[in-house]
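Raw contents of data-v6.txt, compact mmCIF, C-alpha atoms and all ligand atoms:
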# COMPACT_ATOMS: atom_id res chain seq x y z
CA MET A 44 0.00 0.00 0.00
CA ARG A 45 1.26 3.50 -0.82
CA HIS A 46 2.56 5.55 2.13
CA ASP A 47 -0.16 8.16 1.46
CA ALA A 48 -2.99 5.73 0.66
CA ASN A 49 -5.17 7.12 3.47
CA LEU A 50 -5.01 10.55 1.88
CA THR A 51 -5.35 9.62 -1.76
CA GLU A 52 -7.61 6.56 -2.00
CA GLU A 53 -11.35 7.22 -2.04
CA ARG A 54 -13.07 5.30 0.77
CA PRO A 55 -16.77 5.06 1.53
CA THR A 56 -18.07 7.61 4.04
CA PHE A 57 -21.03 7.19 6.35
CA VAL A 58 -22.12 10.53 7.81
CA THR A 59 -25.92 10.57 7.94
CA HIS A 60 -26.70 13.80 9.81
CA LEU A 61 -25.75 16.08 12.68
CA GLU A 62 -27.52 16.17 16.02
CA CYS A 63 -27.91 18.78 18.76
CA SER A 64 -26.11 17.49 21.85
CA ILE A 65 -28.86 18.75 24.17
CA THR A 66 -32.18 18.49 22.31
CA GLY A 67 -31.37 15.69 19.84
CA GLU A 68 -32.76 17.84 17.00
CA THR A 69 -31.26 16.71 13.68
CA TYR A 70 -29.46 18.81 11.08
CA GLU A 71 -28.54 18.11 7.49
CA ALA A 72 -24.96 16.97 6.79
CA ASP A 73 -22.71 18.55 4.13
CA ILE A 74 -23.71 22.15 4.78
CA LEU A 75 -21.95 24.65 7.01
CA HIS A 76 -23.07 24.63 10.65
CA GLY A 77 -22.01 26.37 13.85
CA LEU A 78 -23.90 25.68 17.07
CA SER A 79 -27.38 24.16 17.11
CA ARG A 80 -30.50 26.36 17.34
CA ALA A 81 -30.38 25.71 21.11
CA GLY A 82 -26.88 27.23 21.16
CA ARG A 83 -25.22 23.88 21.89
CA PRO A 84 -22.58 21.75 20.14
CA LEU A 85 -23.62 19.64 17.18
CA LEU A 86 -22.47 16.02 17.04
CA VAL A 87 -21.80 14.15 13.79
CA ARG A 88 -23.75 10.91 13.38
CA TYR A 89 -22.83 7.97 11.14
CA ASP A 90 -24.51 4.94 9.64
CA LEU A 91 -22.59 2.68 12.01
CA GLU A 92 -24.13 -0.48 10.61
CA GLY A 93 -22.75 0.56 7.24
CA VAL A 94 -19.34 1.18 8.80
CA SER A 95 -19.39 -2.25 10.44
CA LYS A 96 -19.89 -3.86 7.03
CA ALA A 97 -17.25 -1.74 5.29
CA LEU A 98 -14.45 -1.85 7.83
CA THR A 99 -12.57 -4.72 9.45
CA LYS A 100 -9.80 -4.67 12.04
CA GLU A 101 -7.58 -6.48 9.54
CA ALA A 102 -8.13 -3.86 6.83
CA LEU A 103 -7.33 -1.14 9.34
CA ALA A 104 -4.14 -2.86 10.43
CA SER A 105 -2.77 -2.81 6.86
CA ARG A 106 -3.24 0.96 6.42
CA PRO A 107 -0.58 3.65 6.92
CA ALA A 108 -0.22 4.80 10.53
CA ASP A 109 -1.97 8.17 10.57
CA LEU A 110 -5.36 9.37 11.75
CA TRP A 111 -6.82 9.20 8.25
CA ARG A 112 -6.79 5.39 8.54
CA TYR A 113 -10.19 5.82 10.26
CA ARG A 114 -11.80 7.47 7.22
CA GLU A 115 -15.02 5.45 7.53
CA LEU A 116 -15.58 7.06 10.94
CA LEU A 117 -14.61 10.57 9.83
CA PRO A 118 -16.65 13.31 8.15
CA VAL A 119 -14.46 14.20 5.13
CA ARG A 120 -16.13 12.75 2.03
CA ASP A 121 -13.67 13.58 -0.75
CA SER A 122 -9.94 12.85 -0.45
CA ARG A 123 -9.14 16.08 -2.30
CA ASP A 124 -10.39 18.05 0.72
CA ILE A 125 -7.90 16.46 3.11
CA VAL A 126 -5.36 19.07 4.25
CA SER A 127 -2.57 17.00 5.74
CA LEU A 128 0.77 17.78 7.35
CA GLY A 129 1.41 14.16 8.41
CA GLU A 130 -0.92 13.36 11.35
CA THR A 131 1.04 10.39 12.58
CA MET A 132 -0.28 7.87 15.14
CA THR A 133 1.30 8.90 18.42
CA PRO A 134 3.25 6.46 20.57
CA ILE A 135 2.22 5.10 23.96
CA ILE A 136 5.15 5.36 26.35
CA PRO A 137 5.27 3.64 29.75
CA ILE A 138 6.79 5.61 32.64
CA PRO A 139 7.72 2.70 34.92
CA ASN A 140 10.28 4.53 37.05
CA SER A 141 7.98 7.40 37.97
CA ALA A 142 5.11 4.96 38.51
CA ALA A 143 7.15 2.69 40.80
CA ALA A 144 8.41 5.64 42.85
CA ALA A 145 4.81 6.77 43.37
CA GLY A 146 3.68 3.27 44.36
CA GLY A 147 1.54 3.09 41.23
CA GLY A 148 0.86 0.41 38.65
CA GLU A 149 1.06 0.44 34.88
CA VAL A 150 1.11 4.06 33.68
CA LEU A 151 1.20 4.79 29.97
CA VAL A 152 1.61 8.20 28.37
CA LYS A 153 -0.01 8.85 25.01
CA ASP A 154 2.49 11.35 23.65
CA GLU A 155 0.64 13.79 21.46
CA GLY A 156 3.62 16.11 21.15
CA ARG A 157 4.66 14.18 18.02
CA LEU A 158 1.85 15.61 15.91
CA PRO A 159 2.23 18.48 13.42
CA THR A 160 2.59 21.83 15.25
CA GLY A 161 3.59 19.84 18.33
CA SER A 162 0.20 19.20 19.92
CA PHE A 163 -3.02 17.21 19.80
CA LYS A 164 -4.79 20.31 18.54
CA ALA A 165 -3.62 19.15 15.11
CA ARG A 166 -6.18 16.33 15.28
CA GLY A 167 -9.15 18.62 15.75
CA LEU A 168 -7.97 21.36 13.47
CA VAL A 169 -6.96 19.15 10.56
CA MET A 170 -10.51 17.82 10.51
CA ALA A 171 -12.21 21.19 10.97
CA VAL A 172 -10.07 22.85 8.30
CA SER A 173 -10.56 19.98 5.84
CA MET A 174 -14.32 20.30 6.35
CA ALA A 175 -14.13 24.10 6.08
CA LYS A 176 -12.35 23.63 2.76
CA ALA A 177 -14.99 21.13 1.62
CA LEU A 178 -17.76 23.55 2.59
CA GLY A 179 -16.16 26.59 0.94
CA VAL A 180 -15.16 28.68 3.98
CA GLY A 181 -12.83 31.56 3.06
CA HIS A 182 -11.96 33.12 6.43
CA ILE A 183 -11.74 31.52 9.89
CA ALA A 184 -11.30 33.09 13.33
CA ILE A 185 -10.64 31.49 16.73
CA PRO A 186 -9.70 32.31 20.28
CA THR A 187 -6.73 30.24 21.47
CA ASN A 188 -4.46 29.52 24.41
CA GLY A 189 -1.75 28.84 21.82
CA ASN A 190 -1.74 25.32 20.47
CA ALA A 191 -5.11 25.45 18.72
CA GLY A 192 -4.13 28.69 17.01
CA ALA A 193 -0.85 27.18 15.86
CA ALA A 194 -2.60 24.16 14.35
CA LEU A 195 -5.30 26.28 12.74
CA ALA A 196 -2.76 28.68 11.23
CA ALA A 197 -0.78 25.81 9.74
CA TYR A 198 -3.67 23.90 8.20
CA ALA A 199 -5.65 26.91 7.04
CA THR A 200 -2.61 28.42 5.36
CA ARG A 201 -2.02 25.13 3.60
CA ALA A 202 -5.66 25.09 2.48
CA GLY A 203 -5.54 28.72 1.27
CA ILE A 204 -8.02 29.88 3.94
CA ARG A 205 -7.50 33.22 5.71
CA THR A 206 -7.24 33.17 9.52
CA THR A 207 -7.57 35.72 12.28
CA ILE A 208 -6.45 34.52 15.70
CA PHE A 209 -6.89 36.06 19.16
CA CYS A 210 -4.90 34.87 22.18
CA PRO A 211 -4.46 36.05 25.78
CA GLU A 212 -1.48 38.43 25.96
CA ASP A 213 0.50 36.05 28.20
CA THR A 214 0.21 33.07 25.81
CA PRO A 215 3.62 31.31 25.59
CA GLU A 216 5.85 33.30 23.20
CA VAL A 217 6.68 30.35 21.00
CA ASN A 218 2.99 29.77 20.31
CA VAL A 219 2.32 33.36 19.33
CA SER A 220 5.37 33.46 17.04
CA GLU A 221 4.44 30.11 15.51
CA ILE A 222 0.89 31.25 14.80
CA ALA A 223 2.05 34.46 13.13
CA LEU A 224 4.82 32.76 11.17
CA GLN A 225 2.38 30.19 9.81
CA GLY A 226 0.38 32.93 8.17
CA ALA A 227 -2.36 34.01 10.58
CA ASP A 228 -3.35 37.58 11.39
CA THR A 229 -2.42 37.29 15.09
CA TRP A 230 -3.66 39.45 17.99
CA ARG A 231 -2.72 39.46 21.67
CA VAL A 232 -5.68 40.43 23.85
CA ASN A 233 -5.61 41.71 27.43
CA GLY A 234 -8.01 39.06 28.66
CA LEU A 235 -8.57 35.31 28.90
CA ILE A 236 -9.60 32.83 26.21
CA ASP A 237 -13.31 33.39 26.72
CA ASP A 238 -12.77 37.16 26.34
CA CYS A 239 -11.05 36.37 23.02
CA GLY A 240 -14.01 34.13 22.17
CA LYS A 241 -16.40 37.06 22.60
CA ILE A 242 -14.40 39.08 20.05
CA VAL A 243 -14.61 36.18 17.59
CA GLY A 244 -18.34 35.72 18.17
CA ALA A 245 -19.09 39.41 17.73
CA GLY A 246 -16.97 39.56 14.56
CA LYS A 247 -19.10 36.99 12.73
CA GLU A 248 -21.55 39.68 11.61
CA ALA A 249 -19.05 42.50 11.31
CA VAL A 250 -16.33 40.66 9.37
CA GLY A 251 -18.03 37.56 8.06
CA TRP A 252 -15.47 35.06 9.31
CA PHE A 253 -16.39 31.54 10.39
CA ASP A 254 -16.16 30.94 14.16
CA LEU A 255 -14.10 27.79 14.70
CA SER A 256 -13.99 28.03 18.53
CA THR A 257 -13.90 24.79 20.52
CA LEU A 258 -17.20 22.91 20.05
CA LYS A 259 -18.82 25.83 18.21
CA GLU A 260 -18.53 23.85 14.98
CA PRO A 261 -19.02 20.08 14.68
CA TYR A 262 -15.75 18.75 13.27
CA ARG A 263 -12.95 19.47 15.75
CA ILE A 264 -14.51 16.86 18.00
CA GLU A 265 -14.39 14.31 15.16
CA GLY A 266 -10.67 14.89 14.80
CA LYS A 267 -10.06 14.65 18.55
CA LYS A 268 -12.12 11.46 18.57
CA THR A 269 -9.24 9.74 16.79
CA MET A 270 -7.34 9.74 20.12
CA GLY A 271 -9.89 7.20 21.35
CA LEU A 272 -9.88 5.17 18.14
CA GLU A 273 -6.10 5.07 18.08
CA LEU A 274 -5.74 4.23 21.75
CA ALA A 275 -8.17 1.32 21.41
CA GLU A 276 -6.41 -0.06 18.34
CA GLN A 277 -2.92 0.35 19.80
CA LEU A 278 -3.95 -1.49 22.98
CA GLY A 279 -5.31 -4.43 20.99
CA TRP A 280 -8.95 -3.22 21.26
CA GLU A 281 -8.75 -3.45 25.04
CA LEU A 282 -9.40 -0.07 26.66
CA PRO A 283 -7.42 0.95 29.75
CA ASP A 284 -9.02 1.16 33.20
CA VAL A 285 -8.60 4.90 33.61
CA ILE A 286 -7.80 7.85 31.35
CA PHE A 287 -6.45 11.12 32.78
CA TYR A 288 -7.18 13.99 30.42
CA PRO A 289 -6.09 17.64 30.91
CA THR A 290 -9.38 19.41 30.45
CA GLY A 291 -9.85 22.89 29.08
CA GLY A 292 -12.65 22.96 26.51
CA GLY A 293 -12.82 19.19 26.88
CA THR A 294 -13.08 18.32 23.19
CA GLY A 295 -10.73 15.37 23.52
CA LEU A 296 -12.52 13.86 26.48
CA ILE A 297 -15.91 14.23 24.81
CA GLY A 298 -14.48 12.98 21.52
CA MET A 299 -12.94 9.86 23.04
CA TRP A 300 -16.17 9.04 24.84
CA LYS A 301 -17.99 9.29 21.51
CA ALA A 302 -15.32 7.17 19.81
CA PHE A 303 -15.80 4.34 22.32
CA ASP A 304 -19.56 4.25 21.66
CA GLU A 305 -18.97 4.15 17.91
CA LEU A 306 -16.38 1.38 18.28
CA GLU A 307 -18.83 -0.67 20.32
CA ALA A 308 -21.59 -0.08 17.77
CA ILE A 309 -19.39 -1.43 14.97
CA GLY A 310 -18.42 -4.43 17.09
CA PHE A 311 -14.74 -3.56 17.59
CA ILE A 312 -14.93 -3.37 21.40
CA GLY A 313 -17.31 -4.57 24.11
CA PRO A 314 -19.16 -2.51 26.73
CA LYS A 315 -16.16 -2.04 29.05
CA ARG A 316 -15.18 1.61 29.34
CA PRO A 317 -12.34 3.40 31.07
CA ARG A 318 -13.11 5.75 33.92
CA MET A 319 -12.61 9.22 32.46
CA ILE A 320 -10.76 11.64 34.75
CA ALA A 321 -10.98 15.35 33.94
CA VAL A 322 -7.82 17.03 35.20
CA GLN A 323 -7.75 20.77 35.83
CA ALA A 324 -5.44 23.25 37.53
CA ALA A 325 -6.38 24.44 41.03
CA GLY A 326 -6.28 28.03 39.70
CA CYS A 327 -8.92 27.25 37.06
CA ALA A 328 -11.16 24.33 37.95
CA PRO A 329 -14.76 25.04 36.88
CA ILE A 330 -15.42 21.42 35.87
CA VAL A 331 -14.08 20.07 39.15
CA LYS A 332 -16.34 22.44 41.07
CA ALA A 333 -19.39 21.49 39.01
CA PHE A 334 -18.56 17.80 39.41
CA GLU A 335 -18.25 18.15 43.17
CA ASP A 336 -21.41 20.28 43.41
CA GLY A 337 -23.31 17.60 41.47
CA VAL A 338 -24.55 20.09 38.86
CA GLU A 339 -24.86 19.71 35.11
CA HIS A 340 -23.35 23.05 34.06
CA ALA A 341 -20.26 24.84 35.35
CA THR A 342 -20.17 28.49 36.33
CA ARG A 343 -17.37 30.75 35.02
CA TRP A 344 -14.18 30.52 37.07
CA GLU A 345 -13.12 34.05 38.03
CA ASP A 346 -9.46 35.14 38.17
CA ALA A 347 -8.32 32.00 36.36
CA HIS A 348 -4.58 31.45 36.64
CA THR A 349 -2.19 28.55 35.98
CA ALA A 350 1.10 28.04 34.19
CA ALA A 351 -0.58 25.19 32.27
CA SER A 352 -2.02 27.65 29.76
CA GLY A 353 -3.85 25.02 27.68
CA ILE A 354 -6.19 24.26 30.56
CA ARG A 355 -6.79 27.87 31.57
CA VAL A 356 -10.36 27.86 30.29
CA PRO A 357 -12.73 29.63 32.73
CA GLN A 358 -15.88 28.47 30.94
CA ALA A 359 -16.46 25.67 28.42
CA VAL A 360 -19.40 25.49 25.97
CA GLY A 361 -19.34 21.71 26.28
CA ASP A 362 -19.25 21.67 30.10
CA PHE A 363 -22.33 19.42 30.33
CA LEU A 364 -20.84 16.97 27.82
CA ILE A 365 -17.59 16.72 29.80
CA LEU A 366 -19.50 16.20 33.06
CA ARG A 367 -21.82 13.68 31.43
CA ALA A 368 -18.92 11.58 30.11
CA VAL A 369 -17.03 11.73 33.41
CA ARG A 370 -20.12 10.68 35.40
CA GLU A 371 -21.29 7.99 32.98
CA SER A 372 -17.82 6.47 33.05
CA GLY A 373 -17.71 6.35 36.85
CA GLY A 374 -14.76 8.74 36.76
CA PHE A 375 -14.15 12.03 38.54
CA ALA A 376 -12.75 15.52 38.11
CA ILE A 377 -9.64 16.55 40.00
CA ALA A 378 -7.62 19.75 40.46
CA VAL A 379 -3.86 19.93 40.97
CA SER A 380 -1.71 22.85 42.08
CA ASP A 381 0.85 24.53 39.84
CA GLU A 382 3.54 23.40 42.29
CA ALA A 383 2.46 19.76 41.82
CA ILE A 384 2.47 20.26 38.04
CA GLU A 385 5.99 21.66 38.08
CA ALA A 386 7.23 18.92 40.39
CA GLY A 387 5.57 16.28 38.22
CA LEU A 388 7.19 17.62 35.07
CA THR A 389 10.63 17.45 36.66
CA GLU A 390 9.99 14.01 38.13
CA VAL A 391 8.98 12.33 34.86
CA ALA A 392 11.79 14.04 32.90
CA GLN A 393 14.37 12.93 35.45
CA SER A 394 13.05 9.44 36.15
CA ASP A 395 11.84 8.32 32.74
CA GLY A 396 13.49 10.75 30.32
CA LEU A 397 10.14 11.91 29.00
CA LEU A 398 9.60 15.65 28.70
CA LEU A 399 5.93 16.46 29.33
CA CYS A 400 4.15 19.73 28.70
CA PRO A 401 2.67 21.37 31.85
CA GLU A 402 -0.82 20.10 30.94
CA GLY A 403 0.56 16.58 30.53
CA ALA A 404 2.42 16.96 33.82
CA ALA A 405 -0.93 17.90 35.40
CA THR A 406 -2.25 14.44 34.51
CA TRP A 407 0.74 12.83 36.21
CA ALA A 408 0.25 15.02 39.28
CA ALA A 409 -3.44 14.05 39.28
CA TYR A 410 -2.60 10.34 38.99
CA ARG A 411 -0.23 10.64 41.96
CA GLN A 412 -2.84 12.53 44.01
CA ALA A 413 -5.61 10.07 43.14
CA LEU A 414 -3.37 7.14 44.03
CA LYS A 415 -2.71 8.69 47.41
CA ASP A 416 -6.37 9.38 48.19
CA GLY A 417 -7.42 5.94 46.92
CA ARG A 418 -9.43 7.09 43.90
CA VAL A 419 -7.18 5.00 41.62
CA SER A 420 -5.38 1.84 42.53
CA ALA A 421 -2.06 0.34 41.47
CA ASN A 422 -4.02 -2.53 39.89
CA GLU A 423 -5.48 -0.23 37.28
CA ARG A 424 -3.89 0.41 33.92
CA ALA A 425 -3.80 4.17 33.51
CA VAL A 426 -3.32 6.27 30.38
CA LEU A 427 -2.22 9.89 30.73
CA PHE A 428 -2.49 12.36 27.88
CA ASN A 429 0.57 14.46 27.18
CA CYS A 430 -1.08 16.85 24.79
CA ALA A 431 1.87 18.84 23.50
CA THR A 432 5.63 18.72 23.25
CA GLY A 433 7.31 20.05 26.37
CA LEU A 434 9.68 21.95 24.10
CA LYS A 435 7.00 24.58 23.43
CA TYR A 436 7.17 25.93 26.97
CA PRO A 437 9.76 27.90 28.91
CA LEU A 438 12.11 25.40 30.58
CA PRO A 439 14.21 25.87 33.71
CA PRO A 440 17.63 27.22 32.74
CA ALA A 441 20.78 25.05 32.86
CA ARG A 442 23.60 27.30 34.06
CA GLN A 443 26.81 25.27 34.34
CA THR A 444 29.65 26.64 32.22
CA LEU A 445 33.23 25.60 31.51
CA ASP A 446 36.24 27.71 30.58
CA ARG A 447 38.04 25.60 27.98
CA HIS A 448 41.29 27.59 28.51
CA ALA A 449 41.50 26.85 32.24
CA PRO A 450 42.87 23.53 33.53
CA LEU A 451 40.01 21.07 33.85
CA ASP A 452 39.38 19.27 37.09
CA TYR A 453 37.89 16.02 35.79
CA SER A 454 36.88 14.89 39.25
CA ARG A 455 33.91 17.29 38.87
CA PHE A 456 32.39 14.92 36.25
CA ALA A 457 33.03 11.66 38.04
C1 LIG B 1 -1.35 21.31 25.76
C2 LIG B 1 -2.84 21.36 25.99
N1 LIG B 1 -3.40 20.50 26.83
C3 LIG B 1 -4.72 20.49 27.05
C4 LIG B 1 -5.57 21.39 26.44
C5 LIG B 1 -7.05 21.32 26.71
O1 LIG B 1 -7.66 20.62 25.68
P1 LIG B 1 -9.25 20.51 25.53
O2 LIG B 1 -9.69 21.84 25.01
O3 LIG B 1 -9.51 19.38 24.59
O4 LIG B 1 -9.80 20.24 26.88
C6 LIG B 1 -5.03 22.32 25.56
C7 LIG B 1 -5.90 23.29 24.90
O5 LIG B 1 -5.48 24.39 24.54
C8 LIG B 1 -3.64 22.31 25.31
O6 LIG B 1 -3.06 23.17 24.46
Could you write out this file's structure as structure tokens?
Amino acid sequence: MRHDANLTEERPTFVTHLECSITGETYEADILHGLSRAGRPLLVRYDLEGVSKALTKEALASRPADLWRYRELLPVRDSRDIVSLGETMTPIIPIPNSAAAAGGGEVLVKDEGRLPTGSFKARGLVMAVSMAKALGVGHIAIPTNGNAGAALAAYATRAGIRTTIFCPEDTPEVNVSEIALQGADTWRVNGLIDDCGKIVGAGKEAVGWFDLSTLKEPYRIEGKKTMGLELAEQLGWELPDVIFYPTGGGTGLIGMWKAFDELEAIGFIGPKRPRMIAVQAAGCAPIVKAFEDGVEHATRWEDAHTAASGIRVPQAVGDFLILRAVRESGGFAIAVSDEAIEAGLTEVAQSDGLLLCPEGAATWAAYRQALKDGRVSANERAVLFNCATGLKYPLPPARQTLDRHAPLDYSRFA
């Protein structure tokens, strides 16, 4: 099979319609949609019986290792609309030394930092931009904490679509530079991501751009869903016991939960599900608060602050979908301090040689905390999501220097 067969071969597609995630009202496929009439996310629905007849595990196994191998469960109809930068399957890396030191069991890290633009946002944005191309969108805007903007800029530029991107002014420098360099009209805003989102929303009328904010269009979730498809396939169609996911807008968590249902419907997995754990930072934990209060919707978190910028999301449109998935799975939501995140990042780098991003380190800190308070046990197989490469963030400086002209005291290196 050709290395690019997933991108070039036509494969049957099975989208039947879209559905409002709160009212169940249906919407026609293949036309441009934002939110539903109820102001809620739209979910893509498939003829899963058709998929089950068209797709076998064996056929999948012979395809090139990128997210387009799941074409039958994805919305893009025509291969010519695929805008790819090489969305490779990401590896699953055990961290046995860190796990043993914490008294834990099997801990696996799904390392999403290997994707184009260095984060899992590539999954959602490659799908949304491919669909925007298919549906004739000419100009896209989004609010971003950095990684989503970087992925959007890259894919939209490749597709010849204009982008305007708004990020909080303290977004990591590398993200802002990356977004601008990849061709987006880039703006720093003196506010948080939801303040940026308001600018995007209000500009729809004024400028005419398409609002591609998290869950405000139906296809980013379909791209993020591939994390669940991939994880299941890589683990031999046996899902782990628990999944720790760093939760901002929650697209990935919602997407994986949807993926598991679709995989069961096509007969690839049974009813067993992992417990889904939504991880947030103590300085911005609206989902944790809503989970603990037993309510269905979260209230905006005021004065949100955390160094894990990807999960600094004071309010999520899909809050009820995150909470629903967490509760249905028997999981929980947990907050960790920035100190625990920083310590976790250092620990995994120094014990297992794996550089996490702060959001990924938050999942490790949450695992450790949950192990301690008994909410996970060492008998459970845990998967942590490291959503971006650690190289995108400021790292602690290394300050040792040597004067090559001075006599060297080699005992210093012994
Ligand atoms: C590195 C990183 N982790 C986690 C998240 C949160 O992802 P989600 O919006 O799917 O909850 C983001 C979002 O910006 C991110 O950049």
- Task: Select the residues contacting ligand LIG 1 (chain B) at a distance of at most 8 Å, based on all atoms listed in the file, then format the selection as a PyMOL selection string.
- Result: chain A and resi 162-164+187-191+257+267+288-296+351-355+400-403+429-432
Spatial sel., origin (-32.8, 25.6, 12.5), limit 9 Å, all atoms listed in the file, listed as a CSV table (one decimal) with C-alpha atoms, in the frame of the given file:
chain,number,residue,atom,x,y,z
A,68,GLU,CA,-32.8,17.8,17.0
A,70,TYR,CA,-29.5,18.8,11.1
A,79,SER,CA,-27.4,24.2,17.1
A,80,ARG,CA,-30.5,26.4,17.3
A,81,ALA,CA,-30.4,25.7,21.1
- Residue nearest Lys241 (chain A) among A:Gly156, A:Pro139, A:Pro186, A:Gly129 (counting all atoms listed in the file): A:Pro186
So that I can see what lies close to region 112-121 of chain A, please list as a PDB file with C-alpha atoms, in the frame of the given file the residues with an atom at most 10 Å from it, counting all atoms listed in the file and leaving out residues fewer than 6 positions away in the same chain.
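Saved result, selection01.pdb, follows:
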ATOM      1  CA  ALA A  48      -2.990   5.730   0.660  1.00  0.00           C
ATOM      2  CA  ASN A  49      -5.170   7.120   3.470  1.00  0.00           C
ATOM      3  CA  LEU A  50      -5.010  10.550   1.880  1.00  0.00           C
ATOM      4  CA  THR A  51      -5.350   9.620  -1.760  1.00  0.00           C
ATOM      5  CA  GLU A  52      -7.610   6.560  -2.000  1.00  0.00           C
ATOM      6  CA  GLU A  53     -11.350   7.220  -2.040  1.00  0.00           C
ATOM      7  CA  ARG A  54     -13.070   5.300   0.770  1.00  0.00           C
ATOM      8  CA  PRO A  55     -16.770   5.060   1.530  1.00  0.00           C
ATOM      9  CA  THR A  56     -18.070   7.610   4.040  1.00  0.00           C
ATOM     10  CA  PHE A  57     -21.030   7.190   6.350  1.00  0.00           C
ATOM     11  CA  VAL A  58     -22.120  10.530   7.810  1.00  0.00           C
ATOM     12  CA  THR A  59     -25.920  10.570   7.940  1.00  0.00           C
ATOM     13  CA  ALA A  72     -24.960  16.970   6.790  1.00  0.00           C
ATOM     14  CA  ASP A  73     -22.710  18.550   4.130  1.00  0.00           C
ATOM     15  CA  VAL A  87     -21.800  14.150  13.790  1.00  0.00           C
ATOM     16  CA  ARG A  88     -23.750  10.910  13.380  1.00  0.00           C
ATOM     17  CA  TYR A  89     -22.830   7.970  11.140  1.00  0.00           C
ATOM     18  CA  ASP A  90     -24.510   4.940   9.640  1.00  0.00           C
ATOM     19  CA  LEU A  91     -22.590   2.680  12.010  1.00  0.00           C
ATOM     20  CA  GLY A  93     -22.750   0.560   7.240  1.00  0.00           C
ATOM     21  CA  VAL A  94     -19.340   1.180   8.800  1.00  0.00           C
ATOM     22  CA  SER A  95     -19.390  -2.250  10.440  1.00  0.00           C
ATOM     23  CA  ALA A  97     -17.250  -1.740   5.290  1.00  0.00           C
ATOM     24  CA  LEU A  98     -14.450  -1.850   7.830  1.00  0.00           C
ATOM     25  CA  ALA A 102      -8.130  -3.860   6.830  1.00  0.00           C
ATOM     26  CA  LEU A 103      -7.330  -1.140   9.340  1.00  0.00           C
ATOM     27  CA  ALA A 104      -4.140  -2.860  10.430  1.00  0.00           C
ATOM     28  CA  SER A 105      -2.770  -2.810   6.860  1.00  0.00           C
ATOM     29  CA  ARG A 106      -3.240   0.960   6.420  1.00  0.00           C
ATOM     30  CA  MET A 132      -0.280   7.870  15.140  1.00  0.00           C
ATOM     31  CA  MET A 170     -10.510  17.820  10.510  1.00  0.00           C
ATOM     32  CA  ALA A 171     -12.210  21.190  10.970  1.00  0.00           C
ATOM     33  CA  SER A 173     -10.560  19.980   5.840  1.00  0.00           C
ATOM     34  CA  MET A 174     -14.320  20.300   6.350  1.00  0.00           C
ATOM     35  CA  ALA A 175     -14.130  24.100   6.080  1.00  0.00           C
ATOM     36  CA  LYS A 176     -12.350  23.630   2.760  1.00  0.00           C
ATOM     37  CA  ALA A 177     -14.990  21.130   1.620  1.00  0.00           C
ATOM     38  CA  PRO A 261     -19.020  20.080  14.680  1.00  0.00           C
ATOM     39  CA  TYR A 262     -15.750  18.750  13.270  1.00  0.00           C
ATOM     40  CA  GLU A 265     -14.390  14.310  15.160  1.00  0.00           C
ATOM     41  CA  GLY A 266     -10.670  14.890  14.800  1.00  0.00           C
ATOM     42  CA  LYS A 268     -12.120  11.460  18.570  1.00  0.00           C
ATOM     43  CA  THR A 269      -9.240   9.740  16.790  1.00  0.00           C
ATOM     44  CA  LEU A 272      -9.880   5.170  18.140  1.00  0.00           C
ATOM     45  CA  GLU A 273      -6.100   5.070  18.080  1.00  0.00           C
ATOM     46  CA  ALA A 302     -15.320   7.170  19.810  1.00  0.00           C
ATOM     47  CA  GLU A 305     -18.970   4.150  17.910  1.00  0.00           C
ATOM     48  CA  LEU A 306     -16.380   1.380  18.280  1.00  0.00           C
TER      49      LEU A 306
END
Using all atoms listed in the file, find each residue in region 127-242 of chain A having at least one atom no more than 9 Å away from region 356-373 of chain A; report its shortest atom-to-atom pair and that distance in Å (one decimal), rows by chain then rising number, as a Markdown table.
| residue | atom | partner | partner_atom | distance |
| --- | --- | --- | --- | --- |
| A:Asn188 | CA | A:Val356 | CA | 8.5 |
| A:Leu235 | CA | A:Val356 | CA | 7.8 |
| A:Ile236 | CA | A:Val356 | CA | 6.5 |
| A:Asp237 | CA | A:Gln358 | CA | 7.0 |
- Task: Go through A:Pro211, A:Arg455, A:Ile264, A:Pro437 one by one, measure the shortest atom-to-atom distance of each to Ala347 (chain A) using only C-alpha atoms, and give the residue with the smallest value.
- Result: A:Pro211
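In this comparison, which uses all atoms listed in the file, the residue of A:Ala383, A:Ala405, A:Ile330, A:Gly161 approaching Leu434 (chain A) most closely is A:Gly161.
Between CA of Gly181 (chain A) and CA of Thr207 (chain A) lies a distance of 11.4 Å.
Nearest to Ala197 (chain A) of all the residues A:Glu248, A:His340, A:Ser127, A:Pro134 is A:Ser127, based on all atoms listed in the file.
The space separating CA of Ala275 (chain A) from CA of Ser394 (chain A) comes to 27.1 Å.
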- Note on the structure: Counting all atoms listed in the file, the residue among A:Ile65, A:Val419, A:Ile74, A:Val169 that lies closest to Trp111 (chain A) is A:Val169
- Which protein, DNA or RNA residues have an atom at most 9 Å from (4.6, 3.8, 7.3), counting all atoms listed in the file? List them as a PyMOL selection string. chain A and resi 45-47+106-109
Which neighbours of Cys239 (chain A) fall inside 7 Å, counting all atoms listed in the file, when residues of the same chain fewer than 6 positions from it are skipped, and could you give them as a PDB file with C-alpha atoms, keeping the file's coordinate frame?
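part01.pdb, written as the output of this step:
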ATOM      1  CA  PRO A 186      -9.700  32.310  20.280  1.00  0.00           C
ATOM      2  CA  PHE A 209      -6.890  36.060  19.160  1.00  0.00           C
ATOM      3  CA  CYS A 210      -4.900  34.870  22.180  1.00  0.00           C
ATOM      4  CA  VAL A 232      -5.680  40.430  23.850  1.00  0.00           C
TER       5      VAL A 232
END
8 Å per side around region 374-378 of chain A: axis-aligned box centre and edge lengths, as lines of an AutoDock Vina configuration file:
center_x = -11.2
center_y = 14.2
center_z = 38.6
size_x = 23.1
size_y = 27.0
size_z = 19.7
